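Asks: Sharing work_22.pdb here; it has PDB, C-alpha atoms.
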```pdb
ATOM      1  CA  MET A   1      -2.512   7.196   2.116
ATOM      2  CA  SER A   2      -0.391   8.204  -0.824
ATOM      3  CA  MET A   3       1.292   6.554  -3.775
ATOM      4  CA  ARG A   4       4.415   7.703  -5.600
ATOM      5  CA  MET A   5       5.690   6.338  -8.900
ATOM      6  CA  ASP A   6       9.217   6.620 -10.219
ATOM      7  CA  GLU A   7      10.853   4.999 -13.223
ATOM      8  CA  ASN A   8      11.451   1.659 -11.489
ATOM      9  CA  SER A   9       9.481   1.893  -8.259
ATOM     10  CA  ILE A  10       6.080   2.433  -6.738
ATOM     11  CA  ARG A  11       5.813   3.425  -3.086
ATOM     12  CA  PHE A  12       2.655   3.316  -1.005
ATOM     13  CA  ARG A  13       2.799   5.348   2.206
ATOM     14  CA  ILE A  14       0.157   5.070   4.913
ATOM     15  CA  ALA A  15      -0.426   6.806   8.234
ATOM     16  CA  PRO A  16      -0.446   4.728  11.424
ATOM     17  CA  ASP A  17      -4.253   5.125  11.589
ATOM     18  CA  ASP A  18      -4.487   3.803   8.010
ATOM     19  CA  LEU A  19      -2.497   0.730   9.037
ATOM     20  CA  ALA A  20      -4.851   0.131  11.968
ATOM     21  CA  LYS A  21      -7.857   0.464   9.639
ATOM     22  CA  LEU A  22      -6.255  -1.884   7.097
ATOM     23  CA  LEU A  23      -5.683  -4.509   9.794
ATOM     24  CA  GLU A  24      -9.270  -4.088  11.012
ATOM     25  CA  THR A  25     -11.197  -3.926   7.709
ATOM     26  CA  GLY A  26      -8.790  -5.569   5.273
ATOM     27  CA  GLU A  27      -8.810  -2.706   2.749
ATOM     28  CA  LEU A  28      -7.832   0.919   2.104
ATOM     29  CA  ASP A  29      -9.072   2.728  -0.974
ATOM     30  CA  GLN A  30      -8.112   6.079  -2.510
ATOM     31  CA  ARG A  31     -10.032   7.440  -5.523
ATOM     32  CA  LEU A  32      -9.472  10.266  -7.976
ATOM     33  CA  ALA A  33     -12.205  11.513 -10.301
ATOM     34  CA  VAL A  34     -10.863  11.958 -13.826
ATOM     35  CA  GLY A  35     -13.662  13.393 -15.913
ATOM     36  CA  SER A  36     -16.572  11.003 -15.584
ATOM     37  CA  ARG A  37     -14.386   8.096 -14.443
ATOM     38  CA  ASN A  38     -12.742   7.135 -11.169
ATOM     39  CA  PHE A  39      -9.192   5.882 -10.975
ATOM     40  CA  GLY A  40      -7.377   5.013  -7.813
ATOM     41  CA  TYR A  41      -5.347   2.652  -5.763
ATOM     42  CA  ARG A  42      -6.189   0.117  -3.106
ATOM     43  CA  ILE A  43      -4.292  -1.827  -0.492
ATOM     44  CA  VAL A  44      -5.893  -5.117   0.512
ATOM     45  CA  ALA A  45      -4.909  -7.602   3.208
ATOM     46  CA  ARG A  46      -4.593 -11.101   1.779
ATOM     47  CA  GLY A  47      -3.427 -14.520   2.812
ATOM     48  CA  ALA A  48      -0.936 -14.583  -0.070
ATOM     49  CA  PRO A  49       2.690 -15.371   0.845
ATOM     50  CA  VAL A  50       4.190 -12.254  -0.786
ATOM     51  CA  MET A  51       3.184  -8.668  -1.486
ATOM     52  CA  THR A  52       2.049  -8.176  -5.102
ATOM     53  CA  LEU A  53       0.919  -5.253  -7.232
ATOM     54  CA  ASP A  54      -1.722  -5.666  -9.939
ATOM     55  CA  ILE A  55      -3.539  -3.253 -12.204
ATOM     56  CA  ALA A  56      -7.336  -3.539 -12.247
ATOM     57  CA  ALA A  57      -9.750  -1.681 -14.519
ATOM     58  CA  ASP A  58     -10.159   1.048 -11.886
ATOM     59  CA  GLY A  59      -6.545   1.379 -10.725
ATOM     60  CA  PHE A  60      -3.697  -0.247  -8.816
ATOM     61  CA  VAL A  61      -4.259  -2.995  -6.248
ATOM     62  CA  LEU A  62      -1.528  -3.809  -3.734
ATOM     63  CA  ALA A  63      -2.181  -7.158  -2.036
ATOM     64  CA  VAL A  64      -0.268  -7.484   1.217
ATOM     65  CA  PRO A  65      -0.025 -10.594   3.409
ATOM     66  CA  LEU A  66      -1.551 -10.122   6.847
ATOM     67  CA  SER A  67       1.755 -11.194   8.408
ATOM     68  CA  THR A  68       3.519  -8.345   6.556
ATOM     69  CA  LEU A  69       0.995  -5.816   7.871
ATOM     70  CA  GLU A  70       1.466  -7.119  11.408
ATOM     71  CA  HIS A  71       5.239  -6.803  10.937
ATOM     72  CA  LEU A  72       4.793  -3.180   9.818
ATOM     73  CA  GLN A  73       2.729  -2.481  12.907
ATOM     74  CA  GLU A  74       5.453  -3.955  15.133
ATOM     75  CA  MET A  75       8.110  -1.852  13.350
ATOM     76  CA  GLY A  76       6.175   1.368  13.956
ATOM     77  CA  ARG A  77       7.253   4.427  11.995
ATOM     78  CA  SER A  78      10.130   3.456   9.737
ATOM     79  CA  LYS A  79      11.520   4.843   6.516
ATOM     80  CA  ASP A  80      12.442   1.264   5.599
ATOM     81  CA  GLY A  81       8.972  -0.265   5.482
ATOM     82  CA  VAL A  82       8.674  -3.427   3.420
ATOM     83  CA  SER A  83       9.415  -3.949  -0.245
ATOM     84  CA  VAL A  84       9.456  -6.603  -2.939
ATOM     85  CA  GLN A  85      10.958  -6.746  -6.380
ATOM     86  CA  GLN A  86       8.297  -7.487  -9.002
ATOM     87  CA  GLY A  87      10.083  -7.883 -12.323
ATOM     88  CA  ASN A  88      12.086  -4.682 -12.797
ATOM     89  CA  LEU A  89       9.789  -2.767 -10.411
ATOM     90  CA  GLU A  90      10.406  -2.247  -6.704
ATOM     91  CA  VAL A  91       7.113  -2.097  -4.798
ATOM     92  CA  SER A  92       7.227  -0.738  -1.255
ATOM     93  CA  LEU A  93       4.854  -0.012   1.611
ATOM     94  CA  GLN A  94       5.845   2.400   4.392
ATOM     95  CA  VAL A  95       4.250   3.798   7.516
ATOM     96  CA  ASP A  96       4.515   7.587   7.321
ATOM     97  CA  LEU A  97       7.132   9.070   9.656
ATOM     98  CA  LYS A  98       5.527  12.523   9.771
ATOM     99  CA  ARG A  99       1.759  12.012   9.818
ATOM    100  CA  ARG A 100       0.011  10.812  12.935
ATOM    101  CA  ALA A 101      -3.426  10.409  11.394
TER     102      ALA A 101
END
```
Would you write the structure of this file as structure tokens?

Replies:
Amino acid sequence: MSMRMDENSIRFRIAPDDLAKLLETGELDQRLAVGSRNFGYRIVARGAPVMTLDIAADGFVLAVPLSTLEHLQEMGRSKDGVSVQQGNLEVSLQVDLKRRA
């Protein structure tokens, strides 16, 4: 799993195995140790109607509806993925075209 930030967008990219794990467990978590603290990003499966990005004390949290994750799985590898506009920020989730695991 990776996350990329640009001026007006944040993209989360996951491997097909990550998507399977997310559908099975409901959460993916990536952490980075910064000094004595951990900062990271998480993707969580939720029953919410739309994908939303929040900032928690320990990092970014992308909440994705289960139906959106199932749609991603049906799409397979795609550079399009799914995206939402959240204020002036485009938030997207893609299944990695290059990585298999």

Asks: Report as a PyMOL selection string the full result of the PyMOL selection byres ((chain A and resi 72) around 9) when it is applied to this structure.

Replies: chain A and resi 19+67-71+73-78+81-82+93-95

Asks: Using the chain letters and numbering of this document, enumerate as an MDAnalysis selection string the residues selected by the PyMOL selection byres ((chain A and resi 2) around 9).

Replies: chainID A and resid 1 3:4 11:14 30 41

Asks: To one decimal place, how far is atom CA of A:Leu32 from atom CA of A:Ala57 in Å?

Replies: 13.6 Å

Asks: Using the chain letters and residue numbers of this document, give as a PyMOL selection string the residues selected by the PyMOL selection byres ((chain A and resi 44) around 6).

Replies: chain A and resi 26-27+43+45+63

Asks: From (12.8, -3.1, -12.7), in the file's coordinates, out to 12 Å: which residues are reached, counting only C-alpha atoms? Answer as a PyMOL selection string.

Replies: chain A and resi 6-10+84-91

Asks: Just give me the gap between atom CA of A:Leu62 and atom CA of A:Ala33 in Å, one decimal is fine.

Replies: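 Separating atom CA of A:Leu62 from atom CA of A:Ala33 is a distance of 19.8 Å.
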
Asks: Just the number, please: distance in Å from atom CA of A:Pro49 to atom CA of A:Leu66, one decimal.

Replies: 9.0 Å

Asks: Taking all atoms of stretch 23-40 of chain A that the file lists, what box with edges along x, y and z, padded by 5 Å per side, do you get, with centre and edge lengths in Å to one decimal, as lines of an AutoDock Vina configuration file?

Replies:
```
center_x = -11.1
center_y = 3.9
center_z = -2.5
size_x = 20.9
size_y = 29.0
size_z = 36.9
```

Asks: In terms of the shortest atom-to-atom distance over only C-alpha atoms, which of A:Lys79, A:Pro65, A:Asp17, A:Leu23 is closest to A:Thr52?

Replies: A:Pro65

Asks: Using all atoms listed in the file, which of the listed residues (A:Asp96, A:Asp18, A:Asp58, A:Asp80) sits closest to A:Arg37?

Replies: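 Under the stated criterion, the closest residue is A:Asp58.
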
Asks: Please determine, counting all atoms listed in the file, which residue among A:Ser92, A:Phe39, A:Thr25, A:Met5 has the shortest atom-to-atom distance to A:Ala56.

Replies: A:Phe39
